[in-house]
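Structure data follow from run_16.cif (mmCIF, C-alpha atoms):
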data_final
loop_
_atom_site.group_PDB
_atom_site.id
_atom_site.type_symbol
_atom_site.label_atom_id
_atom_site.label_comp_id
_atom_site.auth_asym_id
_atom_site.auth_seq_id
_atom_site.Cartn_x
_atom_site.Cartn_y
_atom_site.Cartn_z
ATOM 1 C CA MET A 21 -3.245 151.775 29.830
ATOM 2 C CA PRO A 22 -1.742 152.633 33.255
ATOM 3 C CA MET A 23 0.786 150.376 34.893
ATOM 4 C CA LYS A 24 -0.168 148.661 38.139
ATOM 5 C CA PRO A 25 2.998 148.439 40.206
ATOM 6 C CA LEU A 26 2.992 146.656 43.492
ATOM 7 C CA PRO A 27 3.831 148.583 46.677
ATOM 8 C CA SER A 28 7.475 149.617 46.539
ATOM 9 C CA SER A 29 8.130 151.028 49.984
ATOM 10 C CA SER A 30 10.298 148.033 50.785
ATOM 11 C CA ALA A 31 12.224 145.446 48.810
ATOM 12 C CA ARG A 32 10.726 142.811 51.131
ATOM 13 C CA VAL A 33 7.012 143.534 50.824
ATOM 14 C CA PRO A 34 4.931 140.319 50.855
ATOM 15 C CA VAL A 35 2.205 140.062 48.220
ATOM 16 C CA LYS A 36 0.193 137.139 46.903
ATOM 17 C CA PHE A 37 1.787 134.914 44.268
ATOM 18 C CA LYS A 38 1.413 136.076 40.679
ATOM 19 C CA ILE A 39 3.604 135.890 37.604
ATOM 20 C CA PRO A 40 4.494 139.502 36.673
ATOM 21 C CA THR A 41 2.588 139.593 33.381
ATOM 22 C CA ALA A 42 -0.858 140.808 32.315
ATOM 23 C CA ASP A 43 -2.075 137.253 31.679
ATOM 24 C CA ASN A 44 -1.281 134.835 34.482
ATOM 25 C CA LEU A 45 -0.535 131.957 32.088
ATOM 26 C CA VAL A 46 1.320 128.780 33.049
ATOM 27 C CA PRO A 47 4.307 127.768 30.887
ATOM 28 C CA ILE A 48 3.936 124.070 30.056
ATOM 29 C CA ARG A 49 6.738 121.853 28.717
ATOM 30 C CA LEU A 50 6.143 118.364 27.362
ATOM 31 C CA ASP A 51 8.824 115.805 26.505
ATOM 32 C CA ILE A 52 7.287 112.351 26.191
ATOM 33 C CA GLU A 53 8.695 109.244 24.561
ATOM 34 C CA ILE A 54 6.760 105.990 24.095
ATOM 35 C CA ASP A 55 8.043 103.000 22.149
ATOM 36 C CA GLY A 56 10.642 105.014 20.294
ATOM 37 C CA GLN A 57 8.301 107.886 19.363
ATOM 38 C CA ARG A 58 8.954 111.255 20.967
ATOM 39 C CA TYR A 59 6.679 114.269 21.395
ATOM 40 C CA ARG A 60 8.072 117.601 22.580
ATOM 41 C CA ASP A 61 6.224 120.885 22.864
ATOM 42 C CA ALA A 62 6.113 124.117 24.863
ATOM 43 C CA PHE A 63 3.084 126.372 25.266
ATOM 44 C CA THR A 64 1.142 128.389 27.831
ATOM 45 C CA TRP A 65 -2.060 127.331 29.587
ATOM 46 C CA ASN A 66 -4.743 129.397 31.274
ATOM 47 C CA PRO A 67 -5.085 127.920 34.787
ATOM 48 C CA SER A 68 -8.690 129.159 34.890
ATOM 49 C CA ASP A 69 -9.712 126.823 32.071
ATOM 50 C CA PRO A 70 -11.688 123.759 33.193
ATOM 51 C CA ASP A 71 -9.602 120.639 33.782
ATOM 52 C CA SER A 72 -11.678 118.783 31.188
ATOM 53 C CA GLU A 73 -9.941 120.874 28.516
ATOM 54 C CA VAL A 74 -6.664 119.080 29.271
ATOM 55 C CA VAL A 75 -7.934 115.722 28.032
ATOM 56 C CA VAL A 76 -9.600 117.364 25.030
ATOM 57 C CA PHE A 77 -6.275 118.981 24.142
ATOM 58 C CA ALA A 78 -4.392 115.705 24.592
ATOM 59 C CA LYS A 79 -6.803 113.811 22.336
ATOM 60 C CA ARG A 80 -6.722 116.508 19.663
ATOM 61 C CA THR A 81 -2.907 116.638 19.726
ATOM 62 C CA VAL A 82 -2.579 112.862 19.359
ATOM 63 C CA LYS A 83 -5.064 112.865 16.508
ATOM 64 C CA ASP A 84 -3.459 115.800 14.659
ATOM 65 C CA LEU A 85 0.086 114.420 14.988
ATOM 66 C CA LYS A 86 -0.993 110.805 14.412
ATOM 67 C CA LEU A 87 0.633 109.643 17.641
ATOM 68 C CA PRO A 88 -0.169 106.304 19.331
ATOM 69 C CA PRO A 89 -3.214 106.477 21.673
ATOM 70 C CA ALA A 90 -0.936 105.847 24.669
ATOM 71 C CA PHE A 91 0.272 109.440 24.367
ATOM 72 C CA ILE A 92 -3.141 110.784 25.387
ATOM 73 C CA THR A 93 -2.772 109.741 29.016
ATOM 74 C CA GLN A 94 0.868 110.820 29.242
ATOM 75 C CA ILE A 95 0.198 114.259 27.743
ATOM 76 C CA ALA A 96 -2.832 114.851 29.974
ATOM 77 C CA GLN A 97 -1.018 113.726 33.129
ATOM 78 C CA SER A 98 2.004 115.902 32.411
ATOM 79 C CA ILE A 99 -0.120 119.005 31.855
ATOM 80 C CA GLN A 100 -2.246 118.309 34.936
ATOM 81 C CA SER A 101 0.876 117.799 37.057
ATOM 82 C CA GLN A 102 2.365 121.124 35.967
ATOM 83 C CA LEU A 103 -0.933 122.916 36.560
ATOM 84 C CA ALA A 104 -1.115 121.382 40.035
ATOM 85 C CA ASP A 105 2.391 122.695 40.781
ATOM 86 C CA PHE A 106 1.313 126.187 39.708
ATOM 87 C CA ARG A 107 -1.870 126.087 41.781
ATOM 88 C CA SER A 108 0.097 124.993 44.841
ATOM 89 C CA TYR A 109 1.655 128.478 44.907
ATOM 90 C CA GLU A 110 -1.599 130.405 44.492
ATOM 91 C CA GLY A 111 -2.543 132.348 47.599
ATOM 92 C CA GLN A 112 0.962 132.105 49.047
ATOM 93 C CA ASP A 113 3.039 135.147 49.942
ATOM 94 C CA MET A 114 5.964 136.199 47.807
ATOM 95 C CA PHE A 115 8.336 139.131 48.106
ATOM 96 C CA ALA A 116 8.007 142.143 45.850
ATOM 97 C CA GLY A 117 9.390 145.648 45.702
ATOM 98 C CA GLU A 118 11.527 147.755 43.395
ATOM 99 C CA LYS A 119 13.447 145.133 41.458
ATOM 100 C CA ILE A 120 14.534 144.196 37.994
ATOM 101 C CA VAL A 121 15.871 140.799 36.984
ATOM 102 C CA PRO A 122 18.024 139.481 34.118
ATOM 103 C CA ILE A 123 16.298 137.548 31.334
ATOM 104 C CA LYS A 124 18.433 135.527 28.928
ATOM 105 C CA LEU A 125 17.554 134.148 25.519
ATOM 106 C CA ASP A 126 19.707 131.400 24.027
ATOM 107 C CA MET A 127 17.632 129.292 21.672
ATOM 108 C CA ARG A 128 17.340 127.770 18.239
ATOM 109 C CA VAL A 129 13.979 127.660 16.493
ATOM 110 C CA ASN A 130 14.240 125.748 13.224
ATOM 111 C CA HIS A 131 16.999 127.612 11.332
ATOM 112 C CA THR A 132 16.982 130.737 13.523
ATOM 113 C CA LEU A 133 19.456 131.144 16.393
ATOM 114 C CA VAL A 134 18.656 133.865 18.958
ATOM 115 C CA ARG A 135 20.869 135.134 21.795
ATOM 116 C CA ASP A 136 20.061 138.140 23.933
ATOM 117 C CA GLN A 137 20.140 139.406 27.514
ATOM 118 C CA PHE A 138 18.099 142.201 29.090
ATOM 119 C CA LEU A 139 16.515 143.243 32.376
ATOM 120 C CA TRP A 140 12.814 142.856 33.173
ATOM 121 C CA ASP A 141 10.761 144.981 35.551
ATOM 122 C CA LEU A 142 9.006 142.676 38.016
ATOM 123 C CA ASN A 143 6.713 145.472 39.170
ATOM 124 C CA ASN A 144 4.956 145.773 35.816
ATOM 125 C CA PHE A 145 2.021 143.397 36.151
ATOM 126 C CA GLU A 146 0.663 144.474 32.775
ATOM 127 C CA SER A 147 3.728 143.416 30.798
ATOM 128 C CA ASP A 148 3.140 141.344 27.669
ATOM 129 C CA PRO A 149 5.943 138.929 26.636
ATOM 130 C CA GLU A 150 4.146 138.192 23.371
ATOM 131 C CA GLU A 151 4.085 141.880 22.449
ATOM 132 C CA PHE A 152 7.785 142.167 23.248
ATOM 133 C CA ALA A 153 8.506 139.082 21.140
ATOM 134 C CA ARG A 154 6.583 140.517 18.180
ATOM 135 C CA THR A 155 8.505 143.791 18.463
ATOM 136 C CA PHE A 156 11.808 141.914 18.747
ATOM 137 C CA CYS A 157 11.115 139.820 15.656
ATOM 138 C CA ARG A 158 10.012 142.849 13.679
ATOM 139 C CA ASP A 159 13.079 144.881 14.682
ATOM 140 C CA MET A 160 15.452 141.981 13.969
ATOM 141 C CA ASP A 161 13.657 141.138 10.695
ATOM 142 C CA ILE A 162 12.954 137.555 11.788
ATOM 143 C CA LYS A 163 10.665 135.865 9.275
ATOM 144 C CA ASP A 164 10.005 132.474 10.905
ATOM 145 C CA PRO A 165 6.576 132.765 12.633
ATOM 146 C CA GLU A 166 7.575 130.167 15.244
ATOM 147 C CA VAL A 167 10.368 132.308 16.724
ATOM 148 C CA GLY A 168 8.126 134.917 18.375
ATOM 149 C CA PRO A 169 6.069 132.425 20.430
ATOM 150 C CA ALA A 170 9.299 130.652 21.484
ATOM 151 C CA ILE A 171 10.799 133.930 22.737
ATOM 152 C CA ALA A 172 7.623 134.810 24.639
ATOM 153 C CA PHE A 173 7.543 131.339 26.208
ATOM 154 C CA ALA A 174 11.196 131.605 27.310
ATOM 155 C CA ILE A 175 10.452 134.927 29.021
ATOM 156 C CA ARG A 176 7.319 133.600 30.728
ATOM 157 C CA GLU A 177 9.152 130.488 31.906
ATOM 158 C CA GLN A 178 11.926 132.528 33.533
ATOM 159 C CA LEU A 179 9.457 134.935 35.168
ATOM 160 C CA TYR A 180 7.558 131.938 36.558
ATOM 161 C CA GLU A 181 10.754 130.510 38.038
ATOM 162 C CA ILE A 182 11.550 133.861 39.644
ATOM 163 C CA ALA A 183 8.036 134.108 41.114
ATOM 164 C CA ILE A 184 8.452 130.619 42.600
ATOM 165 C CA HIS A 185 11.788 131.686 44.069
ATOM 166 C CA ASN A 186 10.095 134.712 45.663
ATOM 167 C CA VAL A 187 7.510 132.421 47.291
ATOM 168 C CA THR A 188 10.260 130.163 48.635
ATOM 169 C CA SER A 189 12.193 133.160 49.909
ATOM 170 C CA ALA A 190 9.139 134.543 51.718
ATOM 171 C CA ARG A 191 8.450 131.133 53.266
ATOM 172 C CA GLU A 192 12.019 130.712 54.489
ATOM 173 C CA THR A 193 12.096 134.223 55.922
ATOM 174 C CA ARG A 194 9.058 133.386 58.027
ATOM 175 C CA ILE A 195 10.938 130.404 59.406
ATOM 176 C CA SER A 196 14.279 132.124 59.870
ATOM 177 C CA LYS A 197 14.851 135.857 60.172
ATOM 178 C CA LYS A 198 18.125 135.404 58.372
ATOM 179 C CA GLY A 199 16.364 134.094 55.270
ATOM 180 C CA ARG A 200 18.393 132.989 52.279
ATOM 181 C CA ARG A 201 20.040 135.084 49.619
ATOM 182 C CA GLY A 202 18.975 134.206 46.088
ATOM 183 C CA PHE A 203 18.709 136.289 42.946
ATOM 184 C CA GLU A 204 20.596 139.567 42.778
ATOM 185 C CA TYR A 205 18.036 142.319 42.351
ATOM 186 C CA VAL A 206 18.804 145.884 41.287
ATOM 187 C CA PRO A 207 16.493 148.575 42.644
ATOM 188 C CA ALA A 208 14.629 150.238 39.809
ATOM 189 C CA SER A 209 15.548 153.658 41.209
ATOM 190 C CA LYS A 210 19.229 152.872 40.655
ATOM 191 C CA ALA A 211 18.737 151.419 37.215
ATOM 192 C CA GLY A 212 16.496 154.213 35.989
ATOM 193 C CA GLY A 213 19.332 156.621 35.286
ATOM 194 C CA ILE A 214 21.100 154.238 32.894
ATOM 195 C CA SER A 215 18.146 152.531 31.254
ATOM 196 C CA LEU A 216 15.921 153.151 28.260
ATOM 197 C CA ASP A 217 12.588 154.882 28.654
ATOM 198 C CA LEU A 218 10.360 151.794 28.489
ATOM 199 C CA VAL A 219 7.108 153.623 27.869
ATOM 200 C CA LYS A 220 8.638 155.750 25.117
ATOM 201 C CA TYR A 221 10.059 152.768 23.231
ATOM 202 C CA PHE A 222 7.604 149.958 23.887
ATOM 203 C CA GLY A 223 4.600 151.279 25.842
ATOM 204 C CA HIS A 224 3.249 150.077 29.171
ATOM 205 C CA LYS A 225 3.037 146.427 28.133
ATOM 206 C CA THR A 226 6.805 145.982 27.995
ATOM 207 C CA SER A 227 9.184 145.751 30.940
ATOM 208 C CA VAL A 228 12.508 145.461 29.137
ATOM 209 C CA ILE A 229 15.437 147.551 30.298
ATOM 210 C CA ARG A 230 18.819 147.651 28.586
ATOM 211 C CA LYS A 231 21.614 149.349 30.487
ATOM 212 C CA ARG A 232 23.517 151.715 28.234
ATOM 213 C CA LYS A 233 26.857 150.253 29.252
ATOM 214 C CA ASP A 234 25.578 146.789 28.272
ATOM 215 C CA TRP A 235 24.362 147.657 24.776
ATOM 216 C CA ASP A 236 27.554 146.438 23.111
ATOM 217 C CA ALA A 237 28.100 143.467 25.415
ATOM 218 C CA PHE A 238 24.522 142.185 25.125
ATOM 219 C CA GLU A 239 23.460 143.315 21.693
ATOM 220 C CA PRO A 240 20.864 140.872 20.313
ATOM 221 C CA ILE A 241 22.376 138.191 18.078
ATOM 222 C CA VAL A 242 20.259 136.530 15.408
ATOM 223 C CA ASP A 243 21.823 134.001 13.032
ATOM 224 C CA ILE A 244 20.170 132.050 10.244
ATOM 225 C CA LEU A 245 21.699 128.581 10.112
ATOM 226 C CA SER A 246 22.161 126.475 7.010
ATOM 227 C CA SER A 247 20.558 123.050 6.752
ATOM 228 C CA GLU A 248 23.976 121.461 7.325
ATOM 229 C CA GLU A 249 24.488 123.494 10.518
ATOM 230 C CA VAL A 250 21.022 122.547 11.785
ATOM 231 C CA ASP A 251 21.689 118.855 11.087
ATOM 232 C CA ALA A 252 24.989 119.055 12.975
ATOM 233 C CA LEU A 253 23.348 120.765 15.960
ATOM 234 C CA GLU A 254 20.503 118.255 16.075
ATOM 235 C CA ALA A 255 22.968 115.366 15.926
ATOM 236 C CA ARG A 256 24.924 116.870 18.820
ATOM 237 C CA GLU A 257 21.734 117.523 20.814
ATOM 238 C CA GLY A 258 20.651 113.930 20.181
ATOM 239 C CA LYS A 259 23.908 112.594 21.606
ATOM 240 C CA THR A 260 23.559 114.844 24.656
ATOM 241 C CA THR A 261 19.992 113.658 25.260
ATOM 242 C CA ARG A 262 21.002 110.014 25.104
#

Show the structure stored in the file as structure tokens.
Amino acid sequence: MPMKPLPSSSARVPVKFKIPTADNLVPIRLDIEIDGQRYRDAFTWNPSDPDSEVVVFAKRTVKDLKLPPAFITQIAQSIQSQLADFRSYEGQDMFAGEKIVPIKLDMRVNHTLVRDQFLWDLNNFESDPEEFARTFCRDMDIKDPEVGPAIAFAIREQLYEIAIHNVTSARETRISKKGRRGFEYVPASKAGGISLDLVKYFGHKTSVIRKRKDWDAFEPIVDILSSEEVDALEAREGKTTR
């Protein structure tokens, strides 16, 4: 499957808003608390799906998790609000060009702790975070089936934030020629000499680049925590939340 890079003649080429992945999915985060009961989740949503599916999802979630009926409205409204934010960027200009950006993973999924840092090619609009996550879990011998989706979501969420930044940057440049400096981007032509061959190692669906000089500094770390360590972390996270 051939890659479909955007025009790269300039680092400031305006294109229409799109998350740099094959599937233009919206990362959705929910954190809702009603009468002492809390529901948290993270997943992706196809913005092309009919809005009626949001309420269907909310009702099914409340039923499956045996949550109070009041959660239906809150879940539906939160999803609809986040979809509205995404759609507000559709059709707007954003900057593109030869650029790679840092992606960081620092998460705990059940008993598995994952830390990693790598660079992602923003010009690969056929990249597949889920495929990368599956490869990562296989290579790191991660058994928990919930870790892969969490890694893919974290990547999609960061790419979405970067795409939003590129829209904001394009908008501000139209207003002021000086613009505003944001993320530090490294031209792909400069990184190519010290990076892995992406197609050789992962195929066209992956955009991950690891600089050779960073292999030791940013080697993936995967730890399996004991139940006592998980309890201690959750207690600490609970105090921080309160």

Give me the result of the PyMOL selection byres ((chain A and resi 170) around 12) on this file, residue by residue, as an NGL selection string.
:A and (47 or 49 or 61-64 or 125-130 or 132-134 or 149-150 or 152-154 or 156-157 or 164-169 or 171-177)

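The spacing separating CA of Asn144 (chain A) from CA of Pro40 (chain A) amounts to 6.3 Å.
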
Report as a PyMOL selection string the full result of the PyMOL selection byres ((chain A and resi 78) around 8) when it is applied to this structure.
chain A and resi 74-77+79-82+91-93+95-96

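One finds CA of Ile54 (chain A) at 9.6 Å from CA of Leu87 (chain A).
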
Å distance separating CA of Asn44 (chain A) from CA of Pro67 (chain A), one decimal place
7.9 Å

Run the PyMOL selection byres ((chain A and resi 65) around 6) mentally over the shown coordinates, then write out the matched residues as a list in words, using the chain letters and numbers from the document.
Leu45, Val46, Thr64 and Asn66 of chain A

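Distances here use all atoms listed in the file; by that measure, the residue among A:Arg191, A:Arg107, A:Arg135, A:Arg158 closest to Lys38 (chain A) is A:Arg107.
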
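In terms of minimum interatomic distance to Gln112 (chain A), A:Thr188 ranks closest within A:Ser246, A:Thr260, A:Thr188, A:Thr41, counting all atoms listed in the file.
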
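For the set A:Lys124, A:Lys119, A:Met160, A:Leu50, the residue with the smallest atom-to-atom gap to Ser101 (chain A) is A:Leu50, counting all atoms listed in the file.
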
Hey, could you pull the box centre and edge lengths for region 66-85 of chain A, axis-aligned, 8 Å padding per side, all listed atoms, to one decimal in Å, as JSON?
{"center_x": -5.8, "center_y": 121.1, "center_z": 24.8, "size_x": 27.8, "size_y": 32.5, "size_z": 36.2}
